[in-house]
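Text of protein.cif (mmCIF, C-alpha atoms) as supplied:
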```cif
data_my_file
#
loop_
_atom_site.label_atom_id
_atom_site.label_comp_id
_atom_site.auth_asym_id
_atom_site.auth_seq_id
_atom_site.Cartn_x
_atom_site.Cartn_y
_atom_site.Cartn_z
CA MET L 194 158.68 144.53 226.23
CA GLU L 195 159.08 142.07 223.35
CA ILE L 196 159.54 139.18 225.78
CA LEU L 197 156.36 140.13 227.63
CA GLN L 198 154.40 140.32 224.40
CA ALA L 199 155.70 136.89 223.39
CA VAL L 200 154.66 135.43 226.76
CA LEU L 201 151.18 136.94 226.50
CA PHE L 202 150.79 135.66 222.96
CA GLY L 203 151.80 132.17 224.13
CA LEU L 204 149.29 132.29 226.97
CA LEU L 205 146.60 133.36 224.51
CA ILE L 206 147.28 130.47 222.15
CA GLY L 207 147.50 128.02 225.05
CA GLY L 208 144.20 129.19 226.47
CA MET L 209 142.46 128.80 223.14
CA ILE L 210 143.79 125.24 222.72
CA THR L 211 142.91 124.33 226.32
CA PHE L 212 139.28 125.42 226.10
CA LEU L 213 138.84 123.94 222.64
CA GLY L 214 140.05 120.60 223.94
CA PHE L 215 137.85 120.87 227.01
CA PHE L 216 134.65 121.35 225.01
CA LEU L 217 135.57 118.63 222.54
CA GLN L 218 136.15 116.37 225.52
CA GLN L 219 132.78 117.36 226.94
CA ARG L 220 131.10 116.36 223.70
CA TYR L 221 132.55 112.85 223.58
CA SER L 222 132.85 112.02 227.29
CA ALA L 223 129.33 110.57 227.54
CA VAL L 224 129.86 108.38 224.48
CA ARG L 225 133.23 107.22 225.82
CA ARG L 226 131.68 106.20 229.15
CA ARG L 227 129.00 104.18 227.38
CA LEU L 228 131.53 102.40 225.23
CA GLN L 229 133.79 101.61 228.16
CA SER L 230 131.00 100.29 230.36
CA GLY L 231 130.47 97.08 228.34
CA PRO L 232 132.86 94.36 227.21
CA ARG L 233 134.94 95.16 224.16
CA LEU L 234 134.75 92.52 221.45
CA LYS L 235 137.71 92.01 219.18
CA THR L 236 135.97 90.14 216.39
CA ASP L 237 137.02 92.29 213.45
CA LEU L 238 139.78 90.19 211.88
CA MET L 239 140.23 92.37 208.82
CA ARG L 240 141.01 95.45 210.90
CA PRO L 241 142.42 95.05 214.43
CA GLN L 242 140.61 96.74 217.26
CA MET L 243 142.28 100.10 218.00
CA GLU L 244 143.22 101.11 221.49
CA ASP L 245 141.77 104.18 223.11
CA LYS L 246 142.95 107.32 221.40
CA PRO L 247 144.91 109.70 223.60
CA ALA L 248 142.54 112.29 225.05
CA PHE L 249 143.36 115.92 225.59
CA ILE L 250 142.44 115.57 229.26
CA SER L 251 141.67 112.47 231.28
CA SER L 252 138.14 111.13 231.62
CA ASN L 253 138.19 111.52 235.40
CA LEU L 254 139.20 115.17 235.13
CA ALA L 255 136.54 115.77 232.48
CA GLU L 256 133.85 114.19 234.68
CA LYS L 257 134.93 116.26 237.67
CA LEU L 258 134.84 119.46 235.63
CA GLU L 259 131.43 118.59 234.19
CA LYS L 260 130.09 117.92 237.68
CA LYS L 261 131.68 121.04 239.15
CA LEU L 262 130.45 123.35 236.38
CA ASP L 263 127.08 121.55 236.03
CA LEU L 264 127.81 120.65 232.41
CA ARG L 265 126.60 117.05 232.50
CA LYS L 266 124.40 116.01 229.63
CA ASP L 267 121.54 115.11 231.98
CA GLY L 268 122.03 118.18 234.16
CA PRO L 269 119.45 120.97 234.42
CA THR L 270 121.74 123.61 232.91
CA ILE L 271 122.39 121.62 229.73
CA LYS L 272 118.72 120.66 229.46
CA ARG L 273 117.63 124.30 229.69
CA LEU L 274 120.23 125.31 227.12
CA GLN L 275 119.16 122.51 224.79
CA ALA L 276 115.51 123.56 225.10
CA LYS L 277 116.42 127.15 224.22
CA LEU L 278 118.49 126.04 221.23
CA ILE L 279 115.60 123.90 219.98
CA GLN L 280 113.21 126.84 220.38
CA ALA L 281 115.62 128.85 218.24
CA GLY L 282 115.43 126.15 215.54
CA ILE L 283 118.87 124.61 216.22
CA TYR L 284 118.50 120.84 216.54
CA THR L 285 122.05 119.58 216.10
CA GLU L 286 123.79 118.09 219.15
CA ARG L 287 126.99 119.95 218.34
CA ALA L 288 125.26 123.25 219.09
CA ILE L 289 125.65 122.86 222.87
CA PRO L 290 129.48 122.53 222.99
CA LEU L 291 129.79 125.13 220.24
CA PHE L 292 127.63 127.61 222.15
CA LEU L 293 129.51 127.02 225.40
CA GLY L 294 132.80 127.26 223.56
CA VAL L 295 131.83 130.61 222.07
CA LYS L 296 130.85 131.92 225.51
CA MET L 297 134.07 130.75 227.13
CA GLY L 298 136.10 132.00 224.20
CA GLY L 299 134.50 135.42 224.42
CA LEU L 300 134.95 135.39 228.18
CA LEU L 301 138.67 134.61 228.19
CA VAL L 302 140.27 134.81 224.76
CA LEU L 303 138.79 138.10 223.54
CA PRO L 304 139.99 140.21 226.52
CA LEU L 305 143.46 138.64 226.33
CA LEU L 306 143.66 139.36 222.63
CA VAL L 307 142.66 143.00 223.09
CA LEU L 308 145.06 143.36 226.03
CA PHE L 309 147.87 141.96 223.89
CA ILE L 310 147.05 144.41 221.09
CA LEU L 311 146.82 147.46 223.38
CA TRP L 312 149.88 146.57 225.45
CA GLY L 313 152.57 149.10 224.77
CA SER L 314 150.36 151.40 222.68
CA THR L 315 148.95 153.14 225.75
CA SER L 316 150.26 153.82 229.22
CA GLU L 317 146.93 154.30 231.01
CA ARG L 318 146.35 151.42 233.41
CA SER L 319 142.64 152.20 233.75
CA LEU L 320 142.19 151.79 230.01
CA LEU L 321 144.17 148.54 229.96
CA MET L 322 142.04 147.14 232.78
CA GLY L 323 138.67 148.60 231.80
CA ILE L 324 138.49 147.47 228.19
CA PRO L 325 139.21 143.75 228.91
CA ILE L 326 136.61 143.73 231.69
CA ILE L 327 133.99 145.24 229.39
CA LEU L 328 134.88 142.80 226.61
CA CYS L 329 134.82 139.91 229.08
CA THR L 330 131.27 140.77 230.12
CA LEU L 331 130.21 141.41 226.54
CA GLY L 332 131.68 138.14 225.29
CA TYR L 333 129.79 136.20 227.94
CA VAL L 334 126.44 138.00 227.58
CA LEU L 335 126.34 138.51 223.81
CA PRO L 336 125.71 134.83 222.85
CA ASN L 337 122.73 134.70 225.23
CA PHE L 338 121.37 137.93 223.78
CA ILE L 339 121.69 136.64 220.21
CA LEU L 340 120.03 133.33 221.17
CA ASN L 341 117.12 135.12 222.85
CA ARG L 342 116.67 137.33 219.80
CA MET L 343 116.56 134.24 217.58
CA ILE L 344 113.93 132.65 219.84
CA SER L 345 111.80 135.82 219.85
CA SER L 346 111.98 136.14 216.07
CA ARG L 347 111.02 132.50 215.58
CA HIS L 348 108.11 132.77 218.04
CA LYS L 349 106.83 135.84 216.21
CA LYS L 350 106.89 134.06 212.84
CA ILE L 351 105.07 131.05 214.28
CA ARG L 352 102.36 133.25 215.82
CA GLU L 353 101.85 135.07 212.53
CA ALA L 354 101.51 131.84 210.53
CA LEU L 355 99.47 129.84 213.05
CA PRO L 356 95.95 131.18 212.16
CA ASP L 357 96.46 130.40 208.46
CA ALA L 358 97.73 126.93 209.33
CA LEU L 359 94.66 126.37 211.50
CA ASP L 360 92.33 127.44 208.69
CA LEU L 361 94.02 124.98 206.34
CA LEU L 362 93.75 122.23 208.95
CA VAL L 363 90.02 122.94 209.35
CA VAL L 364 89.50 122.73 205.58
CA CYS L 365 91.43 119.45 205.32
CA VAL L 366 89.67 117.84 208.29
CA GLU L 367 86.20 118.91 207.10
CA ALA L 368 87.04 117.49 203.67
CA GLY L 369 87.36 114.04 205.26
CA GLN L 370 91.08 113.70 205.86
CA GLY L 371 92.46 112.37 209.10
CA LEU L 372 94.52 114.56 211.38
CA ASP L 373 97.83 113.00 210.29
CA ALA L 374 97.01 113.43 206.61
CA ALA L 375 95.81 116.98 207.24
CA ILE L 376 99.05 117.86 209.06
CA LYS L 377 101.04 116.40 206.16
CA ARG L 378 99.05 118.37 203.57
CA VAL L 379 99.28 121.65 205.52
CA SER L 380 103.02 121.24 205.99
CA ASP L 381 103.42 120.79 202.23
CA ASP L 382 101.28 123.84 201.46
CA LEU L 383 103.14 126.08 203.92
CA GLN L 384 106.64 125.25 202.70
CA GLU L 385 106.97 128.53 200.81
CA SER L 386 104.94 130.97 202.90
CA SER L 387 105.76 129.71 206.43
CA PRO L 388 108.73 127.33 206.39
CA ILE L 389 109.18 127.35 210.17
CA ILE L 390 105.75 126.05 211.09
CA ALA L 391 105.88 123.71 208.08
CA GLN L 392 109.09 122.21 209.45
CA GLU L 393 107.51 121.69 212.87
CA LEU L 394 104.46 119.98 211.37
CA ILE L 395 106.74 117.74 209.30
CA LEU L 396 108.51 116.70 212.50
CA VAL L 397 105.14 115.82 214.06
CA ASN L 398 104.28 113.72 211.04
CA LEU L 399 107.66 111.96 211.09
CA GLU L 400 107.31 111.14 214.78
CA THR L 401 103.88 109.58 214.27
CA MET L 402 105.14 107.63 211.25
CA ALA L 403 108.02 106.33 213.38
CA GLY L 404 105.54 104.83 215.83
CA LEU L 405 105.27 107.55 218.46
CA ASP L 406 101.84 108.14 219.93
CA ARG L 407 100.07 111.12 218.37
CA GLN L 408 99.34 112.73 221.72
CA GLN L 409 103.01 112.56 222.64
CA ALA L 410 104.00 113.94 219.23
CA LEU L 411 101.65 116.89 219.73
CA LYS L 412 103.00 117.45 223.23
CA ASN L 413 106.54 117.41 221.80
CA LEU L 414 105.46 120.04 219.28
CA GLY L 415 104.36 122.40 222.04
CA ASP L 416 107.46 121.80 224.13
CA ARG L 417 109.75 122.15 221.11
CA THR L 418 108.44 125.54 220.00
CA GLY L 419 107.56 127.13 223.34
CA VAL L 420 104.82 129.29 221.77
CA GLU L 421 101.86 129.61 224.14
CA GLU L 422 99.27 129.65 221.35
CA LEU L 423 100.70 126.49 219.81
CA VAL L 424 100.92 124.78 223.20
CA SER L 425 97.23 125.60 223.77
CA LEU L 426 96.36 124.22 220.33
CA CYS L 427 98.22 120.97 221.03
CA ASN L 428 96.43 120.60 224.38
CA VAL L 429 93.05 121.12 222.69
CA LEU L 430 93.85 118.48 220.05
CA ILE L 431 95.03 116.04 222.72
CA GLN L 432 91.85 116.54 224.74
CA SER L 433 89.67 116.19 221.64
CA GLU L 434 91.33 112.92 220.68
CA ARG L 435 91.22 111.61 224.24
CA PHE L 436 87.51 112.30 224.77
CA GLY L 437 86.39 111.66 221.19
CA THR L 438 85.04 115.12 220.41
CA SER L 439 85.06 116.71 216.96
CA ILE L 440 88.56 117.75 215.93
CA ALA L 441 87.20 120.06 213.24
CA GLN L 442 85.05 121.95 215.75
CA ALA L 443 88.00 122.21 218.16
CA LEU L 444 90.19 123.60 215.37
CA LYS L 445 87.50 126.13 214.41
CA THR L 446 87.14 127.31 218.00
CA GLN L 447 90.90 127.61 218.41
CA SER L 448 91.24 129.49 215.11
CA ASP L 449 88.56 132.00 216.14
CA TYR L 450 90.26 132.43 219.51
CA LEU L 451 93.66 133.07 217.92
CA ARG L 452 92.28 135.61 215.47
CA THR L 453 90.40 137.39 218.25
CA ALA L 454 93.50 137.42 220.43
CA ARG L 455 95.61 138.77 217.58
CA ARG L 456 93.07 141.51 216.85
CA GLN L 457 92.96 142.50 220.50
CA ARG L 458 96.76 142.56 220.64
CA LEU L 459 96.89 144.82 217.59
CA GLU L 460 94.22 147.09 219.08
CA GLY L 461 96.25 147.31 222.27
CA LEU L 462 99.36 148.27 220.31
CA ALA L 463 97.38 150.87 218.39
CA ALA L 464 96.06 152.33 221.66
CA LYS L 465 99.62 152.71 222.95
CA THR L 466 100.74 154.60 219.85
CA PRO L 467 99.75 158.13 221.03
CA VAL L 468 101.60 157.62 224.31
CA LYS L 469 104.71 156.42 222.48
CA LEU L 470 104.57 159.42 220.13
CA VAL L 471 104.69 161.95 222.97
CA PHE L 472 108.45 161.78 223.48
CA PRO L 473 109.40 161.95 219.76
CA MET L 474 107.05 164.90 219.35
CA LEU L 475 108.55 166.74 222.32
CA LEU L 476 112.12 166.03 221.25
CA PHE L 477 111.92 166.52 217.47
CA ILE L 478 108.60 167.84 216.16
CA PHE L 479 107.71 170.43 218.79
CA PRO L 480 111.07 172.31 218.59
CA ALA L 481 110.77 172.49 214.81
CA ILE L 482 107.23 173.90 215.10
CA MET L 483 108.40 176.47 217.63
CA VAL L 484 111.21 177.56 215.32
CA VAL L 485 108.80 177.92 212.39
CA LEU L 486 106.23 179.87 214.41
CA LEU L 487 108.48 182.06 216.54
CA GLY L 488 111.36 182.48 214.11
CA PRO L 489 109.88 185.35 212.03
CA ALA L 490 108.71 187.18 215.17
CA ILE L 491 112.14 186.91 216.76
CA ILE L 492 113.79 188.19 213.56
CA ARG L 493 111.43 191.20 213.40
CA LEU L 494 111.98 192.01 217.08
CA SER L 495 115.75 191.88 216.65
CA GLU L 496 115.55 194.16 213.59
CA PHE L 497 113.29 196.59 215.48
CA PHE L 498 115.65 196.85 218.44
CA ASN L 499 118.65 197.22 216.14
CA LYS L 500 116.99 200.14 214.35
CA GLY L 501 115.94 201.71 217.63
CA GLY L 502 119.51 201.45 218.91
#
```
Before anything else, please render the file you have as structure tokens.
Amino acid sequence: MEILQAVLFGLLIGGMITFLGFFLQQRYSAVRRRLQSGPRLKTDLMRPQMEDKPAFISSNLAEKLEKKLDLRKDGPTIKRLQAKLIQAGIYTERAIPLFLGVKMGGLLVLPLLVLFILWGSTSERSLLMGIPIILCTLGYVLPNFILNRMISSRHKKIREALPDALDLLVVCVEAGQGLDAAIKRVSDDLQESSPIIAQELILVNLETMAGLDRQQALKNLGDRTGVEELVSLCNVLIQSERFGTSIAQALKTQSDYLRTARRQRLEGLAAKTPVKLVFPMLLFIFPAIMVVLLGPAIIRLSEFFNKGG
């Protein structure tokens, strides 16, 4: 039994090291290919050019695994994952290998660890096989669930802050400021109350200052957040700038539309409240009312029959 536990522990450690090396290799494989594609210049006389560092796995094997598992940087799977991470507010490039590493770690390492802990403490084979399978599924699904929850929470905060940001943009534009200056001012004013939308507006301003076309910067804002209301706003601003219409009037119209849509959404939620209260009332409130109303009568009837007996 001790030998088997030692073997399982060794397999666990080896699996962790293998997948850690694989995802680190995935992170640097694209950079390594770019560096190896051109001629290597050995012009640094103060410090000799170093040879390639030994990799955990070969570049050919890494490329084959990336192609087989659809983990290439320009592949659709990685692009969708990157878009979801950006919508959750995670912009760092290290988030992709870290996220995939957590999923693979939960998929393989967590069940092995639990199996190693439970081995010998129970003799039920169904329990030894069922728990790792459940943990395997949970470890693979849980990161996606957490990421989706982060995206939903961020979208909700953006929707709540968007009408106020539009009102501030209308005030700034009607005061004579340009759209870029208005975006900069609104982002500064919303730093405390709505830091998420302030951060997104700052990114728009930085992109335009770096030389990117304003229409493309606004399009990037909509794609980066994924909020339908904000995407609609960016499309309206792009159309207004393209056809030369009043930006202030377009912002006013969009602000009124957003407030009307939010009021209608709240009215719809309020109309659903009685239907949602039916089940709690039947399960919790109605039995308590029945006990209060029928309890004294039942007590009197029981006393009457006891006396009669």
Open item on the list: Just want the 12 Å neighbourhood of Leu274 in chain L, counted on all atoms listed in the file, with same-chain residues fewer than 5 positions away dropped. Output as an MDAnalysis selection string.
Closed with: chainID L and resid 263:269 279:281 283:284 286 288:293 336:337 340:341
Open item on the list: When the PyMOL selection byres ((chain L and resi 353-366) around 9) is applied to the structure above, which residues does it catch, written out as a VMD selection string?
Closed with: chain L and resid 348 to 352 367 to 372 374 to 376 378 to 380 382 to 383 386 to 387 389 to 391 422 to 423 440 to 442 444 to 445 447 to 449 451 to 452 455
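Residues captured in this structure file are Gly299, Leu300, Leu301, Pro304, Pro325, Ile326, Ile327, Leu328, Thr330, Leu331, Gly332 and Tyr333 of chain L, according to the PyMOL selection byres ((chain L and resi 329) around 7).
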Just want the 9 Å neighbourhood of Lys412 in chain L, counted on all atoms listed in the file, with same-chain residues fewer than 4 positions away dropped. Output as a compact mmCIF listing (two decimals) with C-alpha atoms, in the coordinates of the input.
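And here's part-v2.txt as it stands now:
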```
# COMPACT_ATOMS: atom_id res chain seq x y z
CA ARG L 407 100.07 111.12 218.37
CA GLN L 408 99.34 112.73 221.72
CA ASP L 416 107.46 121.80 224.13
CA ARG L 417 109.75 122.15 221.11
CA VAL L 424 100.92 124.78 223.20
CA CYS L 427 98.22 120.97 221.03
CA ASN L 428 96.43 120.60 224.38
CA ILE L 431 95.03 116.04 222.72
```
- [ ] Name the closest residue to Leu335 in chain L among the candidates L:Gly415, L:Pro473, L:Gly488, L:Gly298; distances are taken between atoms, counting only C-alpha atoms.
- [x]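 Result for the nearest residue to Leu335 in chain L: L:Gly298.
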Task: Between CA of Met402 in chain L and CA of Lys377 in chain L, distance in Å (one decimal) - done: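 Separating CA of Met402 in chain L from CA of Lys377 in chain L is a distance of 10.9 Å.
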